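Here the structure is laid out as structure tokens; the discussion comes afterwards.
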Amino acid sequence: MSYDISVGSMSLNYTSNVVPMWDDAMPHLNLRDMDGELGMRCIPYLNDGIRTMARNVDKYRRMEPANEWGSYEGALSVLVRLITACEDNPHSTVHVHY
């Protein structure tokens with residue numbers, strides 16, 4: 001299973017195996033709950049998630065899926081790409097399908 005994420009003209013797909021990382025890094029508004037929100041509303045939560053993951057690399061590497069479908073780097077990259085798209089499209093709706 002994977003997550004299909006889009007905002008503005010940006011769309012990406014990534015494995016749901018890293019959801020525990022995203023949920024841990026963004027406890028106040030997880031990626032699933034960003035569906036239907038405007039990009040500007042998601043920016044602070046994505047920023048916190050990126051910062052949390054970057055400051056706790058060892059913790060999140062330990063959360064990498066045993067089946068090797070997904071990685072810390074990939075999970076962080078999704079958040080970075082998403083925040084960039086939200087900053088570029090603050091009035092666009094974020095779509096998250098899983």
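Just so we're on the same page: first chain in the structure tokens is A, next is B, and so on; residues restart at 1 for each chain, and ligands are numbered from 1 in the order they show up.
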Can you tell me which residues surround Met10 in chain A at a distance of at most 7 Å, considering only C-alpha atoms, apart from same-chain residues fewer than 3 positions away, and format the answer as a list in words?
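Residues meeting the cut-off are Ser6, Val7 and Ala85 of chain A.
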Quick one: everything within 6 Å of range 38-52 of chain A, counting only C-alpha atoms, minus sequence neighbours fewer than 3 positions away in the same chain. Send it as a VMD selection string.
chain A and resid 25 to 26 55 83 86 90 to 94
With C-alpha atoms retained, could you export that selection as a short mmCIF file (atom, residue, chain, number, x, y, z; two decimals), in the first residue's frame?
```
data_model
loop_
_atom_site.label_atom_id
_atom_site.label_comp_id
_atom_site.auth_asym_id
_atom_site.auth_seq_id
_atom_site.Cartn_x
_atom_site.Cartn_y
_atom_site.Cartn_z
CA ALA A 25 7.15 13.32 13.87
CA MET A 26 3.80 15.11 13.34
CA ARG A 55 17.15 16.21 14.82
CA ILE A 83 6.28 21.52 2.30
CA CYS A 86 2.57 23.88 0.08
CA PRO A 90 -0.57 27.98 -0.08
CA HIS A 91 -4.18 28.32 -1.28
CA SER A 92 -4.30 24.91 -2.95
CA THR A 93 -5.84 21.88 -1.34
CA VAL A 94 -3.62 19.03 -0.18
#
```
Could you check how far CA of Glu87 in chain A sits from CA of Leu29 in chain A, in Å to one decimal?
17.0 Å
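Here CA of Thr84 in chain A stands at a distance of 12.9 Å from CA of Ile5 in chain A.
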Going by DSSP on the backbone, which bits of range 15-83 of chain A are alpha helix (DSSP H)? Write them as an MDAnalysis selection string, please.
chainID A and resid 19:25 39:55 57:62 72:83
Keeping only N, CA and C atoms, take the residues you just selected and write them out as a tab-separated table (two decimals), in the first residue's frame.
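To be explicit, this is the file written out as out13.tsv:
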```tsv
chain	number	residue	atom	x	y	z
A	19	VAL	N	4.64	5.29	7.62
A	19	VAL	CA	3.63	6.06	8.35
A	19	VAL	C	3.96	6.19	9.84
A	20	PRO	N	4.49	5.16	10.51
A	20	PRO	CA	4.85	5.35	11.92
A	20	PRO	C	5.85	6.50	12.14
A	21	MET	N	6.77	6.68	11.20
A	21	MET	CA	7.71	7.81	11.31
A	21	MET	C	6.97	9.13	11.20
A	22	TRP	N	6.14	9.25	10.16
A	22	TRP	CA	5.40	10.50	9.96
A	22	TRP	C	4.48	10.79	11.13
A	23	ASP	N	3.78	9.78	11.62
A	23	ASP	CA	2.87	9.99	12.75
A	23	ASP	C	3.61	10.43	13.99
A	24	ASP	N	4.78	9.84	14.23
A	24	ASP	CA	5.57	10.21	15.40
A	24	ASP	C	6.11	11.63	15.27
A	25	ALA	N	6.55	12.00	14.08
A	25	ALA	CA	7.15	13.32	13.87
A	25	ALA	C	6.11	14.44	13.82
A	39	GLY	N	-2.75	24.21	1.70
A	39	GLY	CA	-1.31	24.10	1.88
A	39	GLY	C	-0.80	24.94	3.03
A	40	MET	N	-1.29	26.18	3.14
A	40	MET	CA	-0.80	27.07	4.20
A	40	MET	C	-1.07	26.52	5.60
A	41	ARG	N	-2.13	25.79	5.77
A	41	ARG	CA	-2.46	25.22	7.08
A	41	ARG	C	-1.50	24.09	7.44
A	42	CYS	N	-0.97	23.41	6.46
A	42	CYS	CA	-0.10	22.25	6.70
A	42	CYS	C	1.36	22.65	6.95
A	43	ILE	N	1.77	23.81	6.48
A	43	ILE	CA	3.17	24.22	6.55
A	43	ILE	C	3.76	24.13	7.95
A	44	PRO	N	3.12	24.67	8.99
A	44	PRO	CA	3.75	24.59	10.31
A	44	PRO	C	3.95	23.16	10.81
A	45	TYR	N	3.01	22.28	10.50
A	45	TYR	CA	3.10	20.89	10.94
A	45	TYR	C	4.18	20.14	10.16
A	46	LEU	N	4.26	20.40	8.87
A	46	LEU	CA	5.32	19.80	8.07
A	46	LEU	C	6.68	20.30	8.52
A	47	ASN	N	6.77	21.58	8.81
A	47	ASN	CA	8.03	22.15	9.29
A	47	ASN	C	8.46	21.48	10.59
A	48	ASP	N	7.53	21.31	11.51
A	48	ASP	CA	7.84	20.62	12.77
A	48	ASP	C	8.26	19.18	12.52
A	49	GLY	N	7.58	18.49	11.62
A	49	GLY	CA	7.91	17.11	11.31
A	49	GLY	C	9.29	16.97	10.71
A	50	ILE	N	9.62	17.86	9.78
A	50	ILE	CA	10.94	17.84	9.15
A	50	ILE	C	12.02	18.09	10.19
A	51	ARG	N	11.79	19.10	11.00
A	51	ARG	CA	12.77	19.44	12.06
A	51	ARG	C	12.94	18.27	13.04
A	52	THR	N	11.84	17.67	13.45
A	52	THR	CA	11.90	16.54	14.39
A	52	THR	C	12.67	15.38	13.80
A	53	MET	N	12.38	15.05	12.54
A	53	MET	CA	13.07	13.93	11.91
A	53	MET	C	14.56	14.23	11.72
A	54	ALA	N	14.88	15.46	11.35
A	54	ALA	CA	16.28	15.83	11.12
A	54	ALA	C	17.09	15.84	12.42
A	55	ARG	N	16.45	16.15	13.52
A	55	ARG	CA	17.15	16.21	14.82
A	55	ARG	C	17.25	14.85	15.50
A	57	VAL	N	17.77	11.59	13.87
A	57	VAL	CA	18.05	10.67	12.77
A	57	VAL	C	18.10	9.22	13.25
A	58	ASP	N	18.84	8.95	14.32
A	58	ASP	CA	18.98	7.57	14.80
A	58	ASP	C	17.64	6.96	15.17
A	59	LYS	N	16.80	7.75	15.83
A	59	LYS	CA	15.48	7.26	16.22
A	59	LYS	C	14.67	6.84	15.00
A	60	TYR	N	14.67	7.67	13.98
A	60	TYR	CA	13.86	7.37	12.80
A	60	TYR	C	14.47	6.30	11.92
A	61	ARG	N	15.78	6.19	11.91
A	61	ARG	CA	16.41	5.07	11.17
A	61	ARG	C	16.02	3.74	11.81
A	62	ARG	N	15.90	3.72	13.13
A	62	ARG	CA	15.47	2.49	13.81
A	62	ARG	C	14.03	2.13	13.47
A	72	TYR	N	14.23	6.11	6.07
A	72	TYR	CA	14.24	7.42	6.74
A	72	TYR	C	14.40	8.52	5.70
A	73	GLU	N	15.38	8.36	4.81
A	73	GLU	CA	15.65	9.38	3.81
A	73	GLU	C	14.44	9.62	2.91
A	74	GLY	N	13.80	8.53	2.49
A	74	GLY	CA	12.62	8.66	1.64
A	74	GLY	C	11.47	9.34	2.35
A	75	ALA	N	11.24	8.96	3.60
A	75	ALA	CA	10.15	9.56	4.39
A	75	ALA	C	10.38	11.05	4.59
A	76	LEU	N	11.62	11.41	4.88
A	76	LEU	CA	11.95	12.83	5.08
A	76	LEU	C	11.83	13.59	3.76
A	77	SER	N	12.26	12.97	2.68
A	77	SER	CA	12.18	13.60	1.37
A	77	SER	C	10.74	13.91	0.98
A	78	VAL	N	9.82	13.04	1.31
A	78	VAL	CA	8.40	13.29	1.02
A	78	VAL	C	7.94	14.55	1.74
A	79	LEU	N	8.30	14.68	3.01
A	79	LEU	CA	7.89	15.87	3.77
A	79	LEU	C	8.50	17.14	3.19
A	80	VAL	N	9.76	17.07	2.78
A	80	VAL	CA	10.43	18.24	2.19
A	80	VAL	C	9.76	18.63	0.87
A	81	ARG	N	9.47	17.64	0.04
A	81	ARG	CA	8.80	17.94	-1.23
A	81	ARG	C	7.40	18.50	-0.99
A	82	LEU	N	6.72	17.95	0.00
A	82	LEU	CA	5.36	18.41	0.29
A	82	LEU	C	5.36	19.83	0.84
A	83	ILE	N	6.27	20.15	1.75
A	83	ILE	CA	6.28	21.52	2.30
A	83	ILE	C	6.63	22.52	1.20
```
Strand (DSSP E) call set, DSSP backbone run, range 2-54 of chain A, as a ChimeraX atom specification:
/A:2-7,10-15
Output file for the residues above (C-alpha atoms, as a short mmCIF file (atom, residue, chain, number, x, y, z; two decimals), in the first residue's frame):
```
data_model
loop_
_atom_site.label_atom_id
_atom_site.label_comp_id
_atom_site.auth_asym_id
_atom_site.auth_seq_id
_atom_site.Cartn_x
_atom_site.Cartn_y
_atom_site.Cartn_z
CA SER A 2 1.18 3.52 -0.64
CA TYR A 3 0.26 7.14 -0.16
CA ASP A 4 -0.58 9.30 -3.17
CA ILE A 5 -0.02 12.93 -2.22
CA SER A 6 -0.65 16.02 -4.30
CA VAL A 7 -0.88 19.77 -3.96
CA MET A 10 3.16 18.37 -7.42
CA SER A 11 2.20 14.77 -6.95
CA LEU A 12 4.13 11.92 -5.43
CA ASN A 13 3.70 8.40 -4.21
CA TYR A 14 5.47 6.72 -1.31
CA THR A 15 5.07 3.53 0.68
#
```
Smallest atom-to-atom distance to Glu64 in chain A: which of A:Asn30, A:Asn89, A:Asn17, A:Ser9, using only C-alpha atoms?
A:Asn17
Would you mind reading off the distance between CA of Asn56 in chain A and CA of Val96 in chain A, one decimal, in Å?
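Separating CA of Asn56 in chain A from CA of Val96 in chain A is a distance of 25.2 Å.
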